[in-house]
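Peer 1: The following file, my_file.tsv, comprises TSV, C-alpha atoms and all ligand atoms:
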chain	number	residue	atom	x	y	z
A	1	MET	CA	-91.26	-27.24	216.10
A	2	MET	CA	-92.56	-28.09	219.57
A	3	SER	CA	-95.23	-25.93	221.16
A	4	ILE	CA	-94.76	-23.79	224.26
A	5	CYS	CA	-96.79	-26.29	226.30
A	6	GLU	CA	-94.79	-29.25	225.03
A	7	ASN	CA	-91.55	-27.47	225.88
A	8	ILE	CA	-92.76	-26.75	229.42
A	9	GLU	CA	-94.04	-30.29	229.88
A	10	HIS	CA	-90.67	-31.65	228.80
A	11	ILE	CA	-88.71	-29.40	231.16
A	12	VAL	CA	-91.04	-29.99	234.12
A	13	SER	CA	-90.73	-33.75	233.57
A	14	THR	CA	-86.98	-33.46	234.22
A	15	LEU	CA	-87.34	-31.47	237.46
A	16	PRO	CA	-86.89	-33.34	240.74
A	17	ALA	CA	-89.45	-32.76	243.51
A	18	GLY	CA	-88.95	-29.37	245.11
A	19	VAL	CA	-87.51	-27.69	242.02
A	20	ARG	CA	-89.77	-25.06	240.43
A	21	LEU	CA	-89.75	-23.66	236.92
A	22	VAL	CA	-89.71	-19.91	236.33
A	23	ALA	CA	-90.81	-19.48	232.71
A	24	VAL	CA	-88.85	-16.46	231.49
A	25	SER	CA	-91.20	-14.55	229.21
A	26	LYS	CA	-89.24	-11.30	228.78
A	27	THR	CA	-89.72	-9.68	225.33
A	28	LYS	CA	-92.48	-12.22	224.52
A	29	PRO	CA	-96.09	-11.15	223.97
A	30	ALA	CA	-98.88	-11.83	226.46
A	31	GLU	CA	-100.37	-14.47	224.11
A	32	TYR	CA	-97.31	-16.67	224.66
A	33	ILE	CA	-97.81	-16.41	228.40
A	34	GLU	CA	-101.50	-17.27	228.02
A	35	GLU	CA	-100.55	-20.40	226.15
A	36	ALA	CA	-98.16	-21.49	228.90
A	37	TYR	CA	-100.79	-20.57	231.51
A	38	ALA	CA	-103.38	-22.74	229.79
A	39	GLY	CA	-100.89	-25.60	230.09
A	40	GLY	CA	-100.67	-25.06	233.85
A	41	GLN	CA	-97.57	-22.86	234.21
A	42	ARG	CA	-98.00	-20.22	236.95
A	43	ILE	CA	-94.56	-18.70	237.62
A	44	PHE	CA	-93.25	-16.24	235.04
A	45	GLY	CA	-90.00	-14.28	235.04
A	46	GLU	CA	-89.46	-10.84	233.54
A	47	ASN	CA	-86.44	-8.55	233.63
A	48	ARG	CA	-88.07	-5.17	232.98
A	49	PRO	CA	-90.42	-3.76	235.66
A	50	GLN	CA	-92.60	-1.77	233.27
A	51	GLU	CA	-92.98	-4.69	230.87
A	52	MET	CA	-93.91	-6.93	233.79
A	53	ALA	CA	-96.48	-4.42	235.08
A	54	ALA	CA	-98.08	-4.13	231.63
A	55	LYS	CA	-98.39	-7.91	231.32
A	56	HIS	CA	-99.69	-8.23	234.87
A	57	GLN	CA	-102.54	-5.85	233.96
A	58	VAL	CA	-103.86	-8.05	231.16
A	59	LEU	CA	-103.11	-11.56	232.42
A	60	PRO	CA	-104.72	-13.77	235.11
A	61	ASP	CA	-104.38	-12.73	238.76
A	62	ASP	CA	-102.99	-16.01	240.01
A	63	ILE	CA	-99.78	-15.71	238.00
A	64	GLN	CA	-96.73	-15.41	240.25
A	65	TRP	CA	-94.48	-12.75	238.75
A	66	HIS	CA	-90.75	-13.03	239.43
A	67	LEU	CA	-88.45	-10.11	238.66
A	68	ILE	CA	-85.14	-11.63	237.57
A	69	GLY	CA	-83.28	-8.70	235.98
A	70	GLN	CA	-81.41	-5.77	237.40
A	71	LEU	CA	-83.77	-3.44	239.26
A	72	GLN	CA	-83.30	0.29	239.62
A	73	GLU	CA	-84.70	1.88	242.76
A	74	LYS	CA	-86.89	4.28	240.81
A	75	ASN	CA	-88.65	1.33	239.11
A	76	VAL	CA	-89.61	-0.63	242.24
A	77	LYS	CA	-92.93	1.24	242.41
A	78	TYR	CA	-94.17	-0.38	239.19
A	79	ILE	CA	-94.04	-3.90	240.60
A	80	ALA	CA	-94.43	-3.48	244.38
A	81	PRO	CA	-98.24	-4.01	244.37
A	82	PHE	CA	-98.08	-7.51	242.91
A	83	VAL	CA	-94.58	-8.99	242.41
A	84	ALA	CA	-94.19	-12.43	244.03
A	85	MET	CA	-90.39	-12.56	244.20
A	86	ILE	CA	-87.44	-10.33	243.31
A	87	HIS	CA	-84.35	-12.40	242.41
A	88	SER	CA	-81.92	-9.54	241.86
A	89	VAL	CA	-81.32	-7.75	245.16
A	90	ASP	CA	-77.71	-6.60	245.18
A	91	SER	CA	-77.61	-3.82	247.79
A	92	LEU	CA	-79.06	-2.70	251.11
A	93	ARG	CA	-80.32	0.47	249.45
A	94	LEU	CA	-82.38	-1.51	246.96
A	95	LEU	CA	-83.75	-3.74	249.71
A	96	GLN	CA	-84.73	-0.64	251.71
A	97	LYS	CA	-86.50	0.79	248.68
A	98	ILE	CA	-88.42	-2.46	248.11
A	99	ASP	CA	-89.38	-2.46	251.79
A	100	LYS	CA	-90.66	1.10	251.58
A	101	GLU	CA	-92.77	0.45	248.47
A	102	ALA	CA	-94.11	-2.87	249.82
A	103	ALA	CA	-95.19	-1.11	253.03
A	104	LYS	CA	-97.54	1.11	251.00
A	105	TYR	CA	-99.54	-1.99	250.08
A	106	GLY	CA	-99.18	-3.79	253.40
A	107	ARG	CA	-97.16	-6.47	251.65
A	108	VAL	CA	-94.05	-8.51	252.48
A	109	ILE	CA	-92.07	-9.16	249.30
A	110	ASP	CA	-89.89	-12.27	249.00
A	111	CYS	CA	-86.39	-11.44	247.78
A	112	LEU	CA	-83.20	-13.26	246.83
A	113	LEU	CA	-79.69	-11.89	247.23
A	114	GLU	CA	-77.91	-11.97	243.88
A	115	PHE	CA	-74.27	-13.06	243.89
A	116	HIS	CA	-71.57	-12.50	241.36
A	117	ILE	CA	-70.42	-16.03	240.54
A	118	ALA	CA	-69.40	-15.66	236.88
A	119	GLU	CA	-65.98	-14.89	235.50
A	120	GLU	CA	-67.23	-12.00	233.35
A	121	ALA	CA	-66.91	-8.57	234.93
A	122	THR	CA	-70.25	-7.52	233.45
A	123	LYS	CA	-72.48	-9.85	235.44
A	124	SER	CA	-74.10	-8.13	238.40
A	125	GLY	CA	-74.34	-9.33	241.97
A	126	MET	CA	-72.70	-9.03	245.37
A	127	THR	CA	-69.70	-10.64	246.95
A	128	GLU	CA	-70.16	-12.78	250.03
A	129	ALA	CA	-68.51	-10.08	252.17
A	130	GLU	CA	-70.96	-7.46	250.93
A	131	ALA	CA	-73.88	-9.75	251.70
A	132	GLU	CA	-72.60	-10.37	255.22
A	133	GLU	CA	-72.26	-6.65	255.80
A	134	LEU	CA	-75.88	-6.22	254.69
A	135	LEU	CA	-77.14	-9.08	256.86
A	136	ARG	CA	-75.33	-7.79	259.95
A	137	SER	CA	-76.58	-4.23	259.62
A	138	ASP	CA	-79.21	-2.72	261.91
A	139	ALA	CA	-80.78	-1.13	258.85
A	140	TYR	CA	-81.50	-4.58	257.38
A	141	ARG	CA	-82.88	-5.92	260.64
A	142	ALA	CA	-85.30	-3.01	260.83
A	143	LEU	CA	-87.03	-3.97	257.56
A	144	GLU	CA	-90.51	-5.45	257.95
A	145	HIS	CA	-91.83	-5.60	254.40
A	146	VAL	CA	-89.20	-7.77	252.74
A	147	ARG	CA	-88.26	-11.37	253.44
A	148	LEU	CA	-84.98	-12.86	252.22
A	149	VAL	CA	-85.74	-16.39	251.02
A	150	GLY	CA	-82.47	-17.39	249.33
A	151	VAL	CA	-79.82	-16.59	246.75
A	152	MET	CA	-79.51	-16.21	242.98
A	153	GLY	CA	-76.66	-16.32	240.49
A	154	ILE	CA	-75.85	-16.42	236.78
A	155	ALA	CA	-73.03	-18.65	235.58
A	156	THR	CA	-70.48	-17.65	232.96
A	157	PHE	CA	-71.68	-17.98	229.37
A	158	THR	CA	-69.29	-20.71	228.25
A	159	ASP	CA	-69.15	-24.20	226.74
A	160	ASP	CA	-67.01	-25.29	229.66
A	161	ARG	CA	-69.58	-27.26	231.67
A	162	GLY	CA	-67.02	-27.96	234.38
A	163	GLN	CA	-66.64	-24.25	234.99
A	164	ILE	CA	-70.42	-23.74	235.10
A	165	ARG	CA	-70.68	-26.56	237.63
A	166	ARG	CA	-67.97	-25.00	239.82
A	167	GLU	CA	-69.77	-21.67	239.77
A	168	PHE	CA	-73.11	-23.21	240.78
A	169	ARG	CA	-71.36	-25.20	243.50
A	170	HIS	CA	-69.79	-21.97	244.74
A	171	LEU	CA	-73.25	-20.37	244.97
A	172	HIS	CA	-74.58	-23.39	246.83
A	173	ASP	CA	-71.69	-23.09	249.32
A	174	ILE	CA	-72.47	-19.40	249.87
A	175	PHE	CA	-76.12	-20.33	250.44
A	176	LEU	CA	-75.18	-22.93	253.05
A	177	ARG	CA	-72.82	-20.58	254.90
A	178	LEU	CA	-75.37	-17.75	255.01
A	179	LYS	CA	-78.10	-20.18	256.07
A	180	GLU	CA	-76.00	-21.41	258.97
A	181	LYS	CA	-74.84	-17.97	260.10
A	182	TYR	CA	-77.92	-15.82	259.58
A	183	PHE	CA	-80.95	-18.01	258.89
A	184	ALA	CA	-80.48	-21.06	261.13
A	185	GLY	CA	-83.86	-22.60	261.85
A	186	ASN	CA	-85.55	-20.25	259.38
A	187	GLU	CA	-87.39	-22.51	256.97
A	188	SER	CA	-88.29	-19.81	254.50
A	189	PHE	CA	-84.63	-19.23	253.58
A	190	ARG	CA	-84.44	-22.15	251.16
A	191	GLU	CA	-84.25	-20.98	247.55
A	192	LEU	CA	-81.28	-21.38	245.20
A	193	SER	CA	-82.19	-19.63	241.94
A	194	MET	CA	-79.75	-20.92	239.35
A	195	GLY	CA	-79.87	-22.45	235.88
A	196	MET	CA	-81.05	-21.13	232.50
A	197	SER	CA	-81.87	-22.83	229.17
A	198	GLY	CA	-78.27	-23.87	228.52
A	199	ASP	CA	-77.31	-25.03	231.99
A	200	TYR	CA	-80.37	-25.83	234.09
A	201	ASP	CA	-79.54	-29.54	234.05
A	202	ILE	CA	-76.21	-28.82	235.77
A	203	ALA	CA	-77.89	-26.36	238.14
A	204	ILE	CA	-80.37	-29.03	239.26
A	205	GLU	CA	-77.54	-31.46	239.96
A	206	GLU	CA	-75.93	-28.74	242.08
A	207	GLY	CA	-79.02	-28.12	244.17
A	208	SER	CA	-81.09	-25.49	242.36
A	209	THR	CA	-84.65	-24.97	243.61
A	210	LEU	CA	-85.70	-22.40	240.98
A	211	VAL	CA	-84.61	-22.71	237.34
A	212	ARG	CA	-85.15	-19.66	235.11
A	213	VAL	CA	-85.78	-20.89	231.58
A	214	GLY	CA	-86.74	-18.69	228.62
A	215	THR	CA	-85.34	-19.70	225.22
A	216	ALA	CA	-85.96	-23.43	225.70
A	217	ILE	CA	-89.67	-22.65	226.24
A	218	PHE	CA	-90.50	-19.65	224.08
A	219	GLY	CA	-87.74	-19.76	221.43
A	220	GLU	CA	-85.01	-17.23	220.69
A	221	ARG	CA	-85.61	-13.63	221.71
A	222	VAL	CA	-85.67	-10.92	219.08
A	223	TYR	CA	-84.63	-7.55	220.45
A	224	LYS	CA	-85.94	-4.50	218.65
A	225	GLN	CA	-83.45	-1.86	217.58
A	226	THR	CA	-83.78	1.11	219.93
A	227	ASN	CA	-81.64	3.80	218.28
A	301	LIG	C1	-83.05	-13.99	230.23
A	301	LIG	C2	-82.70	-14.58	231.55
A	301	LIG	C3	-82.88	-15.95	231.81
A	301	LIG	C4	-83.37	-16.94	230.76
A	301	LIG	O1	-82.36	-17.18	229.83
A	301	LIG	P1	-82.55	-18.31	228.69
A	301	LIG	O2	-81.15	-18.59	228.26
A	301	LIG	O3	-83.38	-17.71	227.63
A	301	LIG	O4	-83.20	-19.48	229.33
A	301	LIG	C5	-82.58	-16.42	233.07
A	301	LIG	N1	-82.11	-15.60	234.05
A	301	LIG	C6	-81.92	-14.29	233.84
A	301	LIG	C7	-81.41	-13.45	234.95
A	301	LIG	C8	-82.20	-13.73	232.60
A	301	LIG	O5	-82.00	-12.42	232.39
What does this structure look like when you write it as structure tokens?
Ligand SMILES: *Cc1c(COP(=O)(O)O)cnc(C)c1O
Peer 2:
Amino acid sequence: MMSICENIEHIVSTLPAGVRLVAVSKTKPAEYIEEAYAGGQRIFGENRPQEMAAKHQVLPDDIQWHLIGQLQEKNVKYIAPFVAMIHSVDSLRLLQKIDKEAAKYGRVIDCLLEFHIAEEATKSGMTEAEAEELLRSDAYRALEHVRLVGVMGIATFTDDRGQIRREFRHLHDIFLRLKEKYFAGNESFRELSMGMSGDYDIAIEEGSTLVRVGTAIFGERVYKQTN
């Protein structure tokens, strides 16, 4: 079996310039993150705010924590003091809540708009029309403690690589349209968060700038029974 560091080294060696690796450490103990950190990895992705906050407490300060999972408004407070990027913004209300919590710490939190690009009904995210409504609103324009830096999406879980490619391409098209209409000349709106262990190679070919890889680095996740 390859080590965590070897896995990261391998993945990073396949990334073109400008593409960054988010090492998805959800459910994994802090020791795994320390191992990756010792190998030079600095960006880690978690999907539960409380779990992220607990790990942040015991791990080095220069780790950049990315929240990649669905975020409930009541949980924003746990991560607002330190989170580097939130990938999963899917409503104006959530963005307003992040803004309010960030203001308490004098911070500006980088956020991505999450889009529903998969076939499955269960995957979260907005439609393009919903995003445009958000971006046109006065309420959005009034926010001073969040910065939208790009888009995020999760492709359908399927063996059909052609379908995955079409979904990533669709997200890239959305990104380009929003960039032109709402972020023209704004260099910070530049991130396309797409690609996981099974499909990050396709995502890179379709223009990803942030790949979110867990299993291929840390191994399969074991979820505890919570009944
Ligand atoms: C868990 C997760 C990942 C990582 O998935 P792997 O298949 O383990 O690489 C990426 N993105 C999101 C949103 C996730 O929840």
Peer 1: Could you name the residues that touch Gly40 (chain A) at 10 Å or less, counting all atoms listed in the file, but leaving out those on the same chain fewer than 3 positions away, as a VMD selection string?
Peer 2: chain A and resid 5 8 to 9 34 to 37 43
Peer 1: Interatomic distance between CA of Leu67 (chain A) and CA of Gly162 (chain A)?
Peer 2: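 That distance, rounded to one decimal, is 28.2 Å.
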Peer 1: Interatomic distance between CA of Pro49 (chain A) and CA of Ile63 (chain A)?
Peer 2: 15.4 Å
Peer 1: Taking into account all atoms listed in the file, which residue in the set A:Ala118, A:Met194, A:Ala17, A:Ile79 is nearest to Ala54 (chain A)?
Peer 2: A:Ile79
Peer 1: Could you list, as a PyMOL selection string, all protein and nucleic acid residues with an atom at most 8 Å from ligand LIG 301 (chain A), counting only C-alpha atoms and all ligand atoms?
Peer 2: chain A and resi 24+26+45-47+68-69+88+153-154+194-198+211-217+219-221
Peer 1: Which residues of region 27-115 of chain A sit at most 10 Å from region 168-178 of chain A, using all atoms listed in the file? Give each one's shortest atom pair and distance in Å (one decimal place), in chain and ascending residue order, as JSON lines.
Peer 2:
{"residue": "A:Leu113", "atom": "CA", "partner": "A:Phe175", "partner_atom": "CA", "distance": 9.7}
{"residue": "A:Glu114", "atom": "CA", "partner": "A:Leu171", "partner_atom": "CA", "distance": 9.7}
{"residue": "A:Phe115", "atom": "CA", "partner": "A:Leu171", "partner_atom": "CA", "distance": 7.5}
Peer 1: Can you measure CA of Ile4 (chain A) to CA of Thr27 (chain A) for me? One decimal in Å is fine.
Peer 2: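 So the answer is 15.0 Å.
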Peer 1: Calculated over only C-alpha atoms, which of the candidates A:Val222, A:Met2, A:Ala131, A:Leu95 has the smallest distance to Pro29 (chain A)?
Peer 2: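 For Pro29 (chain A), the nearest of the given residues is A:Val222.
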Peer 1: Go through A:Phe189, A:Tyr105, A:Tyr182, A:Tyr200 one by one, measure the shortest atom-to-atom distance of each to Glu133 (chain A) using only C-alpha atoms, and give the residue with the smallest value.
Peer 2: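 Of A:Phe189, A:Tyr105, A:Tyr182, A:Tyr200, the one nearest Glu133 (chain A), counting only C-alpha atoms, is A:Tyr182.
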Peer 1: For each of A:Pro60, A:Glu6, A:Ala80, A:Ala184, take the minimum atom-to-atom distance to Cys111 (chain A), counting all atoms listed in the file, then give the residue where this is smallest.
Peer 2: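 Distance minimum relative to Cys111 (chain A) lands on A:Ala80.
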Peer 1: Using all atoms listed in the file for the distances, tell me which of A:Met85, A:Leu59, A:Leu192, A:Ile117 is nearest to Glu167 (chain A).
Peer 2: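 Using all atoms listed in the file, Glu167 (chain A) sits closest to A:Ile117.
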Peer 1: Please determine, counting all atoms listed in the file, which residue among A:Gln57, A:Ser137, A:Asn7, A:Ser193 has the shortest atom-to-atom distance to Arg93 (chain A).
Peer 2: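 Between A:Gln57, A:Ser137, A:Asn7, A:Ser193, the residue approaching Arg93 (chain A) most closely is A:Ser137.
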Peer 1: Starting from the point (-98.3, -8.8, 229.9), work out which residues of protein, DNA or RNA have an atom no more than 9 Å away when counting all atoms listed in the file; state them as a short mmCIF file (atom, residue, chain, number, x, y, z; two decimals) with C-alpha atoms, in the coordinates of the input.
Peer 2:
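Everything below was put into point_37.cif:
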data_model
loop_
_atom_site.label_atom_id
_atom_site.label_comp_id
_atom_site.auth_asym_id
_atom_site.auth_seq_id
_atom_site.Cartn_x
_atom_site.Cartn_y
_atom_site.Cartn_z
CA LYS A 28 -92.48 -12.22 224.52
CA PRO A 29 -96.09 -11.15 223.97
CA ALA A 30 -98.88 -11.83 226.46
CA GLU A 31 -100.37 -14.47 224.11
CA ILE A 33 -97.81 -16.41 228.40
CA GLU A 51 -92.98 -4.69 230.87
CA MET A 52 -93.91 -6.93 233.79
CA ALA A 53 -96.48 -4.42 235.08
CA ALA A 54 -98.08 -4.13 231.63
CA LYS A 55 -98.39 -7.91 231.32
CA HIS A 56 -99.69 -8.23 234.87
CA GLN A 57 -102.54 -5.85 233.96
CA VAL A 58 -103.86 -8.05 231.16
CA LEU A 59 -103.11 -11.56 232.42
#
Peer 1: Name all residues at most 7 Å from Arg107 (chain A) (count only C-alpha atoms; drop same-chain ones fewer than 4 positions away) and give them as a compact mmCIF listing (two decimals) with C-alpha atoms, in the coordinates of the input.
Peer 2:
# COMPACT_ATOMS: atom_id res chain seq x y z
CA ALA A 102 -94.11 -2.87 249.82
CA ALA A 103 -95.19 -1.11 253.03
CA HIS A 145 -91.83 -5.60 254.40
